[in-house]
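Visitor: This is the structure I want to talk about, given as structure tokens.
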Amino acid sequence: MDDRYAFREIEARWQTYWEENRTFATPDDSDKPKFYTLEMFPYPSGAGLSVGHGKNYLPNDAFCRYKAMQGFNVLHPMGWDAFGQPAENEAIKRGRNPREMVPEYAANYRRTLKRLGASYDWSREVNSSTPDYYRWTQWFFLLLYKRGLAYRSTAPINWCPSCKTGLANEEVKEGRCWRCDSAVEKRPLPQWYFNILQYADRLLADLDLVNWPEGTKQMQREWIGRSEGAEVNFAVNGSTESIRVFTTRPDTLWGATFLVLAPEHPLVAEVTTPEQAEAVEAYVQRAAATADMDRLNAERSKSGVPTGATALNPVTGQDIPIWIADYVLMGYGTGAIMAVPAHDQRDFEFARKFDLPIELVYSTPEGPQTGGEMTEAAPHDGVMREFTPSPMSQAPKSPFAGRPNSKETVRDVVRWMAEQGIVEQKVNFKLRDWLISRQRYWGAPIPMVHCPECGEVPVPEGQLPVLLPEVDRYEPSGTGESPLATIEEFVNTSCPKCGSDARRETDTMGGFACSSWYFLRFVDPHNSTEFASREKLDKWLPVDLYTGGAEHAVMHLLYARFWTKVMYDAGLLGFVEPFTQLRHQGSLLAYTPGRKPRGSEADGDTVLDWIVLKPEERAGFPKDQIAWRWTRMSKSKGNVVSPDEMCEQFGADSLRLYEMFVAPFEDNVQWSEDGIHGAHRFINRAWRWIVRALPQYSAKWRSSSASYNDADKKIRRKLHQTIIKVGEDLEGFRFNTAISALMELVNDLYLYRPLDGGGAQTPAVLSEAAETLTLLLAPFTPHMADELWSRMGHKGTTYTAAWPVGDTQVAAEDEVTLVVQVNGKVRDRITVASDASEEAIKQLALDCEKVREALEGKTVRQVIVVPKRLVNVVAA
RNA sequence: GCCCAGGUGGUGGAAUGGCAGACACAAGGGACUUAAAAUCCCUCGCGGCAACGCAUGCGGGUUCAAGUCCCGCCCUGGGCACCA
């Protein structure tokens with residue numbers, strides 16, 4: 001048909017127009033209120049942008065356009081998370097030099113985003129791997145160093161044998177590398193850390209300040225893992241040493257019948273008796289060899305050996321044995337525990353296995369009275385027994401006999417024990433310091449120098465950036481040193497302090513350093529004297545709305561919060577939380593071929609039950625052994641659907657509309673092309689209706705003195721209801737229902753005025769409807785909207801047009817249809833004026849023939865009238 | 001094991017405690033067409049000729065009224081997992 005929407009031509013035209021007119025460039029000097037929104041920046045890969053990215057970018061783009069039309073000065077930038085493991089692994093896989101690959105791939109992403117009609121201000125584009133960017137990443141490293149928040153330490157770290165680098169705790173998921181799923185190992189290496197632990201309390205408390213999904217906040221709370229308790233010293237018999245333990249249940253100290261040290265505990269060798277030395281040594285060796293993943297498996301049965309030593313329980317005066325066991329972790333608390341088998345399940349299992357005494361601190365009259373009668377630990381039951389200190393003990397008699405096993409008792413006991421000097425109150429966190437060193441090439445070099453005279457010396461700010469040298473071969477070595485260590489010209493330098501020969505630090509920073517501040521750079525991306533001017537930071541930040549995947553809950557989102565707080569403390573920023581509101585988009589899932597793992601791949605206790613078949617593997621793979629599954633689209637799985645194909649076939653507006661309509665923003669979606677036909681059809685339907693109305697369109701419809709007939713009133717009611725509904729839905733990020741409201745409107749418009757031009761013909765109404773519909777569509781299908789807007793004779797684009805205002809008077813229904821129920825079952829319907837009185841409605845309902853039939857032989861007990869909804873006649 | 005989401009037609013999904021299935025997709029039938037595409041019309045939860053009855057993972061409960069609230073299960077997805 002001649003009036004089909006010519007999307008190829010029209011989309012290209014408006015994309016050119018927007019570019020040439022810098023439609024989306026954001027001025028810094030506008031009087032309008034600011035709105036800063038951001039999608040998590042992607043790393044550019046060779047597979048290009050996927051329709052999966054669109055599930056995040058497209059709805060937020062529609063939201064930006066809506067905000068702009070509402071009169072906000074919208075900042076909507078885009079950049080590239082170009083440094084770090086993801087980008088480097090991609091380069092390795094493709095045998096490319098990342099230095100050349102990244103700009104090429106980024107250009108392809110940018111091209112695709114423009115093709116989707118995304119409203120980014122490209123003049124603010126940043127790339128974290130360029131020297132003018134990473135100069136400031138290094139500057140922030142030095143800031144942390146100066147503030148005592150960056151330090152070097154040697155400890156067993158998480159090592160990915162495939163990526164050949166150390167990983168932060170947050171980058172280990174179920175014992176596997178976040179990038180390649182390899183089982184991580186332990187390796188002792190000297191590494192740089194950021195002291196995020198020092199900010200643990202504030203990271204926890206300030207979660208209350210942000211509008212984030214509750215689940216994500218909860219994940220951060222659990223990751224931080226704050227735990228209040230106390231530390232207790234146990235004097236080792238026949239030694240001057242004492243063993244300090246952390247416990248959250250000091251009230252059960254009376255039931256501590258043995259101590260357990262982690263195998264790595266520094267006092268193990270010290271306290272072990274000669275008779276036990278051999279067994280202990282063997283156990284320590286075995287524990288060191290056991291993969292961390294296995295050690296963390298709670299299902300495993302307990303193991304351990306006695307050291308032969310004993311310690312004094314400070315409240316009972318008893319000597320209790322000291323054991324070592326791998327269920328105690330060196331990395332948490334003091335690396336030693338007091339075991340209370342009666343009230344802790346882990347200790348109970350251990351005591352049973354090795355026949356250690358179990359002493360009850362709390363008991364119930366009907367429950368077990370001795371440890372021997374217990375079948376499991378009782379952490380929360382009973383009342384406290386009486387404890388009389390032995391003559392050996394310095395401690396006074398317990399005043400808590402009879403108290404219930406409750407939080408209040410714990411609190412009171414801790415206070416009392418602290419007063420007695422038995423314990424010291426203490427808070428512990430599960431959070432560990434952030435390991436930032438990577439033994440990899442593709443990252444920001446850590447700006448430190450190791451001088452034989454002065455020790456570690458920071459590179460002076462004036463010498464930044466420490467440039468990443470250009471190399472031919474950059475693959476990780478696996479030696480525990482980064483490839484930079486072999487580049488003499490890079491390594492050899494002079495000490496900034498004393499001038500003697502010195503070596504540069506050769507590790508680079510993990511990519512999460514770059515992404516911990518990129519949202520600041522967008523406000524002043526070309527500043528060469530500061531990371532961003534304070535004036536612009538104050539104007540734009542914090543980010544009002546941030547969207548991205550939930551998988552970053554304890555990685556990027558935690559790190560960025562930490563850096564923000566450090567910068568606040570340094571007086572660089574005036575806010576403590578970077579992202580006021582956060583939303584997570586759902587993923588697009590692709591139907592992906594896979595196979596069962598082979599024997600060697602199902603290692604450890606974490607069972608991988610399915611492995612993706614890479615496209616190259618699939619060719620020769622027996623068809624009947626392929627197991628198909630829905631998995632997230634990702635370039636590593638080779639199951640990416642390109643938006644280019646969709647734009648070619650259906651147009652960007654169709655793809656935009658479809659990705660927003662198919663499901664709620666947060667939901668995962670099984671990708672299929674089926675639904676996009678519907679979106680495409682709708683666009684044509686809307687286009688055709690508006691185009692046919694254009695001959696009668698007048699931009700001056702507002703001042704028309706036309707009187708409205710019933711059909712006019714009805715369609716205007718629907719129109720204004722839709723304006724209100726779409727606005728509300730957009731505010732709530734409910735793109736799918738906003739679009740369905742627009743579809744309803746278009747369906748009604750066809751009833752008002754069919755394509756053949758019959759039906760009602762009030763030009764003012766046609767004009768109002770055509771114009772309003774165009775503007776309501778603009779956030780979703782901006783190319784079509786701008787084309788229609790210009791055909792209506794308006795200058796410029798819908799991006800700068802005003803969002804329609806819904807008139808509640810016009811939208812109000814004058815009549816409503818009520819459902820009439822008898823005992824909850826629908827029997828009839830009545831139509832009444834919307835302001836009808838409750839009495840009148842009751843009477844009408846009772847007069848219905850169907851109602852009278854249903855009431856035959858019954859007595860009406862009650863009539864419930866729900867305004868604008870229903871009438872329920874209760875009868876018996 | 002613990003913590004979060006979630007379970008609604010053939011499919012995606014919609015429903016401030018108030019008509020379950022809006023809006024779409026797919027399917028079937030029809031119109032137009034030489035034909036196809038496009039477009040338009042009709043049908044479309046299950047059972048029943050119908051009146052009606054039954055239906056929101058399962059079992060209870062609260063309520064005049066439950067997909068929605070409460071209790072107990074089952075299943076799926078995500079996160080955490082010997083953190084003392």
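Following the order of the structure tokens, first chain is A, next is B, and so on, with residues numbered from 1 inside each chain and ligands from 1 in the order they appear.
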For range 64-75 of chain B, find every residue with an atom within 12 Å (counting only C-alpha atoms (C1' of nucleotides)), except residues of its own chain fewer than 5 positions away, and show them as a VMD selection string.

Guide: (chain A and resid 821 to 826 860 to 866 870 to 876) or (chain B and resid 6 to 8 14 to 21 55 to 59)

Visitor: Tell me as a PyMOL selection string which residues belonging to chain B come within 8 Å of chain A, counting only C-alpha atoms (C1' of nucleotides).

Guide: chain B and resi 4+12-14+18-19+23-25+38+64-65+79-84

Visitor: For Trp442 in chain A, please output as a PyMOL selection string all residues within 8 Å (counting only C-alpha atoms (C1' of nucleotides); exclusion window: fewer than 4 positions along the same chain).

Guide: chain A and resi 83-85+88+98+474+508

Visitor: Could you find all residues in range 592-728 of chain A that DSSP calls strand (DSSP E) from the backbone, and write them as a ChimeraX atom specification?

Guide: /A:592-595,611-612,627-632,669-670

Visitor: Between CA of Arg115 in chain A and CA of Leu655 in chain A, what is the distance, to one decimal in Å?

Guide: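 Computing it gives 11.0 Å between the two atoms.
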
Visitor: Find the residues around Ser528 in chain A up to 10 Å (only C-alpha atoms (C1' of nucleotides) counted), leave out those fewer than 5 positions away in its own chain, and share them as a PDB file with N, CA and C atoms, in the first residue's frame.

Guide:
```
ATOM      1  N   ASP A 132      44.111   9.555  28.484  1.00  0.00           N
ATOM      2  CA  ASP A 132      43.488  10.721  29.116  1.00  0.00           C
ATOM      3  C   ASP A 132      42.415  10.286  30.114  1.00  0.00           C
ATOM      4  N   TYR A 133      41.970   9.025  30.029  1.00  0.00           N
ATOM      5  CA  TYR A 133      41.047   8.497  31.039  1.00  0.00           C
ATOM      6  C   TYR A 133      41.818   7.817  32.170  1.00  0.00           C
ATOM      7  N   ARG A 135      44.747   7.982  33.142  1.00  0.00           N
ATOM      8  CA  ARG A 135      45.525   8.921  33.947  1.00  0.00           C
ATOM      9  C   ARG A 135      44.795   9.205  35.265  1.00  0.00           C
ATOM     10  N   TRP A 136      43.487   9.377  35.179  1.00  0.00           N
ATOM     11  CA  TRP A 136      42.713   9.727  36.382  1.00  0.00           C
ATOM     12  C   TRP A 136      42.397   8.489  37.217  1.00  0.00           C
TER      13      TRP A 136
END
```

Visitor: Out of A:His680, A:Lys539, A:Ile611, A:Asp544, which residue has the shortest atom-to-atom distance to Gln649 in chain A when counting only C-alpha atoms?

Guide: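 Nearest to Gln649 in chain A: A:His680.
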
Visitor: Which neighbours of Ile358 in chain A fall inside 8 Å, counting only C-alpha atoms (C1' of nucleotides), when residues of the same chain fewer than 4 positions from it are skipped, and could you give them as a count of residues only?

Guide: 10

Visitor: For Gly402 in chain A, which of A:Asp121, A:Asp201, A:Glu386, A:Glu530 is the closest residue, counting only C-alpha atoms?

Guide: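 Nearest candidate to Gly402 in chain A out of A:Asp121, A:Asp201, A:Glu386, A:Glu530: A:Glu386.
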
Visitor: In range 545-594 of chain A, what's alpha helix (DSSP H) per DSSP? Answer as a VMD selection string?

Guide: chain A and resid 556 to 569

Visitor: One decimal, in Å: what's the spacing between CA of Leu773 in chain A and CA of Phe665 in chain A?

Guide: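 One can read the CA of Leu773 in chain A to CA of Phe665 in chain A distance as 22.8 Å.
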
Visitor: When you look at Val280 in chain A with a cut-off of 12 Å (counting only C-alpha atoms (C1' of nucleotides)), what residues show up, excluding the ones that are within fewer than 4 positions of it in the same chain? I need them as a VMD selection string.

Guide: chain A and resid 261 to 265 268 to 276 284 to 287 303 to 309 322 to 326

Visitor: So that I have them on file, write out the residues from the current selection with C-alpha atoms, as a JSON list (two decimals), in the first residue's frame.

Guide:
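Written out: result11.json:
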```
[["chain", "number", "residue", "atom", "x", "y", "z"],
["A", 261, "LEU", "CA", 42.19, -23.50, 65.13],
["A", 262, "ALA", "CA", 42.27, -23.11, 61.38],
["A", 263, "PRO", "CA", 45.09, -25.25, 59.94],
["A", 264, "GLU", "CA", 46.83, -22.03, 58.82],
["A", 265, "HIS", "CA", 46.63, -20.46, 62.30],
["A", 268, "VAL", "CA", 49.44, -24.23, 65.43],
["A", 269, "ALA", "CA", 53.12, -25.20, 65.45],
["A", 270, "GLU", "CA", 53.65, -23.36, 68.73],
["A", 271, "VAL", "CA", 51.06, -25.22, 70.77],
["A", 272, "THR", "CA", 51.26, -28.68, 69.19],
["A", 273, "THR", "CA", 52.79, -31.27, 71.52],
["A", 274, "PRO", "CA", 55.64, -33.45, 70.27],
["A", 275, "GLU", "CA", 53.41, -36.55, 70.28],
["A", 276, "GLN", "CA", 50.95, -34.89, 67.93],
["A", 284, "VAL", "CA", 48.10, -28.98, 57.70],
["A", 285, "GLN", "CA", 49.73, -30.22, 54.50],
["A", 286, "ARG", "CA", 46.55, -31.88, 53.36],
["A", 287, "ALA", "CA", 44.46, -28.80, 54.07],
["A", 303, "SER", "CA", 37.78, -33.59, 59.74],
["A", 304, "GLY", "CA", 40.47, -32.51, 62.20],
["A", 305, "VAL", "CA", 43.23, -33.59, 64.56],
["A", 306, "PRO", "CA", 44.05, -32.74, 68.18],
["A", 307, "THR", "CA", 47.15, -30.66, 68.85],
["A", 308, "GLY", "CA", 47.64, -32.36, 72.20],
["A", 309, "ALA", "CA", 47.54, -28.98, 73.93],
["A", 322, "ILE", "CA", 42.78, -27.60, 71.30],
["A", 323, "TRP", "CA", 42.13, -29.12, 67.87],
["A", 324, "ILE", "CA", 42.79, -28.03, 64.32],
["A", 325, "ALA", "CA", 40.16, -28.49, 61.65],
["A", 326, "ASP", "CA", 39.53, -27.08, 58.21]]
```

Visitor: Thr112 in chain A: which residues within 9 Å, counting only C-alpha atoms (C1' of nucleotides), same-chain residues fewer than 3 positions away excluded, as JSON, numbers by chain?

Guide: {"A": [48, 49, 107, 108, 109, 115, 116, 117, 643, 644]}

Visitor: Keeping N, CA, C and O atoms for every residue in the selection just given, could you write it to a file as a PDB file, in the first residue's frame?

Guide:
```
ATOM      1  N   GLY A  48      29.690  -7.670  18.409  1.00  0.00           N
ATOM      2  CA  GLY A  48      28.859  -6.480  18.269  1.00  0.00           C
ATOM      3  C   GLY A  48      27.760  -6.441  19.308  1.00  0.00           C
ATOM      4  O   GLY A  48      27.617  -7.333  20.134  1.00  0.00           O
ATOM      5  N   LEU A  49      27.016  -5.381  19.235  1.00  0.00           N
ATOM      6  CA  LEU A  49      25.898  -5.196  20.152  1.00  0.00           C
ATOM      7  C   LEU A  49      24.831  -6.245  19.847  1.00  0.00           C
ATOM      8  O   LEU A  49      24.611  -6.590  18.694  1.00  0.00           O
ATOM      9  N   ALA A 107      33.510   1.439  17.787  1.00  0.00           N
ATOM     10  CA  ALA A 107      32.902   2.155  16.658  1.00  0.00           C
ATOM     11  C   ALA A 107      31.683   1.385  16.157  1.00  0.00           C
ATOM     12  O   ALA A 107      30.660   1.975  15.792  1.00  0.00           O
ATOM     13  N   ASN A 108      31.813   0.068  16.158  1.00  0.00           N
ATOM     14  CA  ASN A 108      30.695  -0.754  15.700  1.00  0.00           C
ATOM     15  C   ASN A 108      29.505  -0.652  16.663  1.00  0.00           C
ATOM     16  O   ASN A 108      28.352  -0.572  16.241  1.00  0.00           O
ATOM     17  N   TYR A 109      29.797  -0.635  17.953  1.00  0.00           N
ATOM     18  CA  TYR A 109      28.722  -0.462  18.943  1.00  0.00           C
ATOM     19  C   TYR A 109      28.032   0.881  18.755  1.00  0.00           C
ATOM     20  O   TYR A 109      26.816   0.990  18.784  1.00  0.00           O
ATOM     21  N   ARG A 115      21.906   3.478  15.068  1.00  0.00           N
ATOM     22  CA  ARG A 115      20.916   2.872  14.188  1.00  0.00           C
ATOM     23  C   ARG A 115      19.631   2.536  14.947  1.00  0.00           C
ATOM     24  O   ARG A 115      18.552   2.441  14.370  1.00  0.00           O
ATOM     25  N   LEU A 116      19.780   2.288  16.270  1.00  0.00           N
ATOM     26  CA  LEU A 116      18.599   2.000  17.088  1.00  0.00           C
ATOM     27  C   LEU A 116      17.873   3.274  17.500  1.00  0.00           C
ATOM     28  O   LEU A 116      16.845   3.227  18.168  1.00  0.00           O
ATOM     29  N   GLY A 117      18.443   4.400  17.125  1.00  0.00           N
ATOM     30  CA  GLY A 117      17.804   5.668  17.448  1.00  0.00           C
ATOM     31  C   GLY A 117      18.048   6.124  18.875  1.00  0.00           C
ATOM     32  O   GLY A 117      17.270   6.908  19.422  1.00  0.00           O
ATOM     33  N   PRO A 643      21.002  -6.741  16.401  1.00  0.00           N
ATOM     34  CA  PRO A 643      19.936  -5.782  16.114  1.00  0.00           C
ATOM     35  C   PRO A 643      19.963  -5.332  14.648  1.00  0.00           C
ATOM     36  O   PRO A 643      18.951  -4.889  14.129  1.00  0.00           O
ATOM     37  N   ASP A 644      21.120  -5.452  14.021  1.00  0.00           N
ATOM     38  CA  ASP A 644      21.214  -5.034  12.620  1.00  0.00           C
ATOM     39  C   ASP A 644      20.228  -5.787  11.742  1.00  0.00           C
ATOM     40  O   ASP A 644      19.533  -5.191  10.921  1.00  0.00           O
TER      41      ASP A 644
END
```

Visitor: One decimal, in Å: what's the spacing between CA of Trp434 in chain A and CA of Thr154 in chain A?

Guide: 13.5 Å

Visitor: With only C-alpha atoms as the basis for distance, which of A:Glu408, A:Glu39, A:Glu771, A:Asp729 is at the shortest distance from Thr798 in chain A?

Guide: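 Nearest to Thr798 in chain A: A:Glu771.
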